[in-house]
Amino acid sequence: MSDQLRFAMVGAGWWAHAAHLPAIAEDRTISLAAVCDPSLDRANSAAADFGGAAAFTDVGEMLRSVQVDCAVVATPHTTHRPLVEQLLRAGVHVLVEKPMTTTAEDAWALVSLARSSGRHLSVGLTYQYATTAPTVRDIVRNDIGDLVSVNAEFSSHTQELFSGVGRFAAQAHDPAAPHGMSYADPTLSGGGQGQSQLTHLLGNLFWNTNIQAAQAFAYFDNRGLPVDIVNALTFRLDNGAIGAATSTGTTPSGVEARQRIRYHGTRGMVEHDLLKAEAWVFGEDGFIRHVHNSEALPSYPRREPVTSFARLVRGDGENRAPADLAAASVSLIEAAYISAAEGRPVDVLQGVISSDERQREETTHRAH
């Protein structure tokens with residue numbers, strides 16, 4: 001491995017421009033080796049804007065032409081599995097945007113492939129990269145006793161984005177701006193609010209608890225849009241805890257969005273505000289602690305996934321969004337979509353989740 005990690009950017013759309021490409025350019029331990037996008041103009045433009053890397057329209061051609069250590073995949077949701085699979089088989093460490101995939105089968109297949117190939121696989125669940133996130137996770141796992149119930153809410157302003165019309169559609173020509181073309185097309189996105197927003201909430205829940213879901217029952221509503229915009233689901237976790245999660249993209253303009261999870265345990269409760277990267281901890285005798293984010297640090301550190309991933313590959317950090325726990329959220333979301341469509345409880349497909357100790361052993365082994 002050279003002094004700098006050679007990164008490839010697969011997908012040169014708005015989130016690559018808003019988060020990943022600037023992060024690669026800022027990190028002196030990283031070099032941008034290639035940009036790959038189905039549009040050669042878009043690939044050339046991004047490559048020129050961020051250091052003059054080689055541009056490609058095909059991942060296979062890119063891998064044959066350029067030496068790559070790591071890749072960031074930020075393409076439409078339903079394209080993730082074949083791209084990540086191709087990269088892992090070529091010996092490349094991969095950071096893939098959320099949702100990791102849109103089906104549980106695809107997600108767990110990638111987890112298995114990453115393990116067998118000895119490559120790191122992380123997911124761009126940005127809230128988990130906040131500086132307060134590990135502290136909240138440790139409190140949830142260790143300080144409130146056995147988990148009894150979970151209440152979660154994710155409200156946002158995505159209705160226009162998922163409509164495929166209006167100002168977001170008008171921005172489709174600009175690769176550095178968000179647009180609704182892929183989000184409003186279920187063949188590309190796999191769904192709406194559930195795939196793009198609920199995945200944040202449930203991804204964080206599984207990372208905090210290290211427990212998989214066993215069964216789900218859900219109602220989803222498109223409200224006339226091409227994809228779902230309102231979600232409500234109940235679920236049962238492996239340890240017997242019961243949870244409820246709601247998500248809506250219909251929050252009116254000017255109304256503050258809310259992204260919170262409340263964990264009730266046998267010895268206490270934690271209320272985690274993902275949007276503000278803070279938490280309130282309550283014990284049997286009342287308030288105990290407020291975990292707060294420094295005003296100098298972003299609560300949504302959009303460039304941190306790349307920086308953190310580079311440290312992970314170098315053996316100098318933990319996997320802040322491990323693929324197995326992200327796959328657990330994919331499994332629950334897929335079960336929720338099936339339940340909403342068929343009006344029945346659905347069992348959640350489960351995989352093997354590594355313990356924290358196992359992950360640390362793998363990190364040490366891969367670094368040598």
# chains A, B, ... in the order shown; residues from 1 in each chain; ligands from 1

call {"tool": "residues_around", "arguments": {"residues": "segment 304-321 of chain A", "least_positions_apart": "3", "cutoff": "9 Å", "atoms": "only C-alpha atoms", "output": "ChimeraX atom specification"}}
result
/A:5,19-21,23-24,27,29-30,70,72,93-95,119-126,128-130,134,203-204,207,300-301,324-326,359-360,363-368

call {"tool": "select_by_dssp", "arguments": {"residues": "segment 240-289 of chain A", "states": "strand (DSSP E)", "output": "JSON, numbers by chain"}}
result
{"A": [242, 243, 244, 245, 246, 247, 248, 258, 259, 260, 261, 262, 263, 264, 265, 268, 269, 270, 271, 272, 273, 278, 279, 280, 281, 282, 283, 286, 287, 288, 289]}

call {"tool": "write_last_selection", "arguments": {"atoms": "C-alpha atoms", "output": "PDB file, in the first residue's frame"}}
result
ATOM      1  CA  ILE A 242     -40.826  -4.200  21.219  1.00  0.00           C
ATOM      2  CA  GLY A 243     -40.357  -1.126  19.044  1.00  0.00           C
ATOM      3  CA  ALA A 244     -42.312   1.395  17.021  1.00  0.00           C
ATOM      4  CA  ALA A 245     -40.965   3.714  14.343  1.00  0.00           C
ATOM      5  CA  THR A 246     -42.626   6.412  12.262  1.00  0.00           C
ATOM      6  CA  SER A 247     -41.251   8.429   9.386  1.00  0.00           C
ATOM      7  CA  THR A 248     -42.717  11.157   7.202  1.00  0.00           C
ATOM      8  CA  ARG A 258     -37.294  15.635  14.205  1.00  0.00           C
ATOM      9  CA  GLN A 259     -35.065  12.576  14.229  1.00  0.00           C
ATOM     10  CA  ARG A 260     -35.111  10.901  17.628  1.00  0.00           C
ATOM     11  CA  ILE A 261     -34.942   7.466  19.214  1.00  0.00           C
ATOM     12  CA  ARG A 262     -35.991   6.726  22.806  1.00  0.00           C
ATOM     13  CA  TYR A 263     -34.596   3.569  24.429  1.00  0.00           C
ATOM     14  CA  HIS A 264     -36.366   2.223  27.542  1.00  0.00           C
ATOM     15  CA  GLY A 265     -34.391  -0.251  29.649  1.00  0.00           C
ATOM     16  CA  GLY A 268     -33.086   3.708  32.752  1.00  0.00           C
ATOM     17  CA  MET A 269     -33.926   5.512  29.524  1.00  0.00           C
ATOM     18  CA  VAL A 270     -32.003   7.323  26.798  1.00  0.00           C
ATOM     19  CA  GLU A 271     -33.486   9.866  24.413  1.00  0.00           C
ATOM     20  CA  HIS A 272     -31.170  10.333  21.436  1.00  0.00           C
ATOM     21  CA  ASP A 273     -31.589  13.316  19.102  1.00  0.00           C
ATOM     22  CA  GLU A 278     -27.099  14.849  21.635  1.00  0.00           C
ATOM     23  CA  ALA A 279     -28.783  12.624  24.189  1.00  0.00           C
ATOM     24  CA  TRP A 280     -30.448  12.799  27.602  1.00  0.00           C
ATOM     25  CA  VAL A 281     -29.900   9.894  29.995  1.00  0.00           C
ATOM     26  CA  PHE A 282     -32.318   9.078  32.819  1.00  0.00           C
ATOM     27  CA  GLY A 283     -31.796   6.498  35.569  1.00  0.00           C
ATOM     28  CA  GLY A 286     -34.146  10.647  37.542  1.00  0.00           C
ATOM     29  CA  PHE A 287     -31.900  12.691  35.233  1.00  0.00           C
ATOM     30  CA  ILE A 288     -28.287  11.549  35.099  1.00  0.00           C
ATOM     31  CA  ARG A 289     -26.514  13.019  32.116  1.00  0.00           C
TER      32      ARG A 289
END

call {"tool": "residues_around", "arguments": {"residues": "Ala43 of chain A", "least_positions_apart": "4", "cutoff": "10 Å", "atoms": "only C-alpha atoms", "output": "number ranges by chain"}}
result
A: 9-13, 34-39, 47-49, 53-57, 175

call {"tool": "select_by_dssp", "arguments": {"residues": "segment 118-158 of chain A", "states": "helix (DSSP H, G or I)", "output": "PyMOL selection string"}}
result
chain A and resi 126-129+133-142

call {"tool": "residues_around", "arguments": {"residues": "Ala328 of chain A", "least_positions_apart": "3", "cutoff": "10 Å", "atoms": "only C-alpha atoms", "output": "NGL selection string"}}
result
:A and (104 or 107-108 or 202-203 or 205-207 or 210-214 or 323-325 or 331-333 or 348-353)

call {"tool": "write_last_selection", "arguments": {"atoms": "C-alpha atoms", "output": "PDB file, in the first residue's frame"}}
result
ATOM      1  CA  ALA A 104     -31.926  -8.318   2.736  1.00  0.00           C
ATOM      2  CA  ALA A 107     -27.139  -6.986   1.997  1.00  0.00           C
ATOM      3  CA  TRP A 108     -26.170 -10.206   3.753  1.00  0.00           C
ATOM      4  CA  LEU A 202     -33.053   2.046  11.953  1.00  0.00           C
ATOM      5  CA  GLY A 203     -29.397   1.856  11.009  1.00  0.00           C
ATOM      6  CA  LEU A 205     -30.897   1.801  16.260  1.00  0.00           C
ATOM      7  CA  PHE A 206     -29.152  -1.455  15.365  1.00  0.00           C
ATOM      8  CA  TRP A 207     -25.705   0.111  15.754  1.00  0.00           C
ATOM      9  CA  ASN A 210     -26.365  -4.671  18.460  1.00  0.00           C
ATOM     10  CA  ILE A 211     -29.670  -6.590  18.360  1.00  0.00           C
ATOM     11  CA  GLN A 212     -31.500  -7.740  15.226  1.00  0.00           C
ATOM     12  CA  ALA A 213     -35.223  -7.518  14.529  1.00  0.00           C
ATOM     13  CA  ALA A 214     -37.290 -10.697  14.385  1.00  0.00           C
ATOM     14  CA  ALA A 323     -22.018  -3.675   7.110  1.00  0.00           C
ATOM     15  CA  ASP A 324     -23.596  -6.378   9.289  1.00  0.00           C
ATOM     16  CA  LEU A 325     -25.563  -3.922  11.425  1.00  0.00           C
ATOM     17  CA  SER A 331     -33.718  -6.632   6.572  1.00  0.00           C
ATOM     18  CA  LEU A 332     -36.219  -4.810   8.758  1.00  0.00           C
ATOM     19  CA  ILE A 333     -37.008  -2.218   6.091  1.00  0.00           C
ATOM     20  CA  VAL A 348     -37.219 -10.521   9.298  1.00  0.00           C
ATOM     21  CA  LEU A 349     -34.367 -12.254   7.493  1.00  0.00           C
ATOM     22  CA  GLN A 350     -31.373 -12.358   9.838  1.00  0.00           C
ATOM     23  CA  GLY A 351     -27.641 -12.798   9.382  1.00  0.00           C
ATOM     24  CA  VAL A 352     -24.592 -13.175  11.597  1.00  0.00           C
ATOM     25  CA  ILE A 353     -23.590 -10.035  13.493  1.00  0.00           C
TER      26      ILE A 353
END

call {"tool": "residues_around", "arguments": {"residues": "Thr79 of chain A", "least_positions_apart": "4", "cutoff": "10 Å", "atoms": "only C-alpha atoms", "output": "ChimeraX atom specification"}}
result
/A:73-75,83-84,100-102,187-190

call {"tool": "write_last_selection", "arguments": {"atoms": "N, CA and C atoms", "output": "mmCIF file, in the first residue's frame"}}
result
data_model
loop_
_atom_site.group_PDB
_atom_site.id
_atom_site.type_symbol
_atom_site.label_atom_id
_atom_site.label_comp_id
_atom_site.auth_asym_id
_atom_site.auth_seq_id
_atom_site.Cartn_x
_atom_site.Cartn_y
_atom_site.Cartn_z
ATOM 1 N N VAL A 73 -19.010 4.208 -3.068
ATOM 2 C CA VAL A 73 -20.102 3.965 -4.006
ATOM 3 C C VAL A 73 -21.286 4.833 -3.608
ATOM 4 N N ALA A 74 -21.648 5.777 -4.479
ATOM 5 C CA ALA A 74 -22.779 6.671 -4.230
ATOM 6 C C ALA A 74 -23.618 6.740 -5.496
ATOM 7 N N THR A 75 -24.244 5.630 -5.809
ATOM 8 C CA THR A 75 -25.069 5.468 -7.002
ATOM 9 C C THR A 75 -26.510 5.192 -6.568
ATOM 10 N N LEU A 83 -22.172 -3.426 -7.963
ATOM 11 C CA LEU A 83 -20.986 -2.577 -7.945
ATOM 12 C C LEU A 83 -20.080 -2.921 -6.757
ATOM 13 N N VAL A 84 -20.677 -3.032 -5.575
ATOM 14 C CA VAL A 84 -19.891 -3.360 -4.387
ATOM 15 C C VAL A 84 -19.279 -4.739 -4.524
ATOM 16 N N MET A 100 -27.618 0.442 2.241
ATOM 17 C CA MET A 100 -26.570 -0.456 1.747
ATOM 18 C C MET A 100 -27.036 -1.209 0.496
ATOM 19 N N THR A 101 -28.227 -1.774 0.567
ATOM 20 C CA THR A 101 -28.932 -2.374 -0.573
ATOM 21 C C THR A 101 -30.416 -2.180 -0.303
ATOM 22 N N THR A 102 -31.246 -2.643 -1.211
ATOM 23 C CA THR A 102 -32.690 -2.542 -0.996
ATOM 24 C C THR A 102 -33.335 -3.887 -0.669
ATOM 25 N N THR A 187 -37.673 1.960 -9.362
ATOM 26 C CA THR A 187 -36.741 0.984 -9.932
ATOM 27 C C THR A 187 -35.293 1.354 -9.621
ATOM 28 N N LEU A 188 -35.038 2.608 -9.301
ATOM 29 C CA LEU A 188 -33.701 3.056 -8.929
ATOM 30 C C LEU A 188 -33.529 3.198 -7.423
ATOM 31 N N SER A 189 -34.581 3.682 -6.760
ATOM 32 C CA SER A 189 -34.485 3.967 -5.322
ATOM 33 C C SER A 189 -34.927 2.811 -4.450
ATOM 34 N N GLY A 190 -35.767 1.924 -4.986
ATOM 35 C CA GLY A 190 -36.312 0.835 -4.195
ATOM 36 C C GLY A 190 -37.444 1.260 -3.287
#
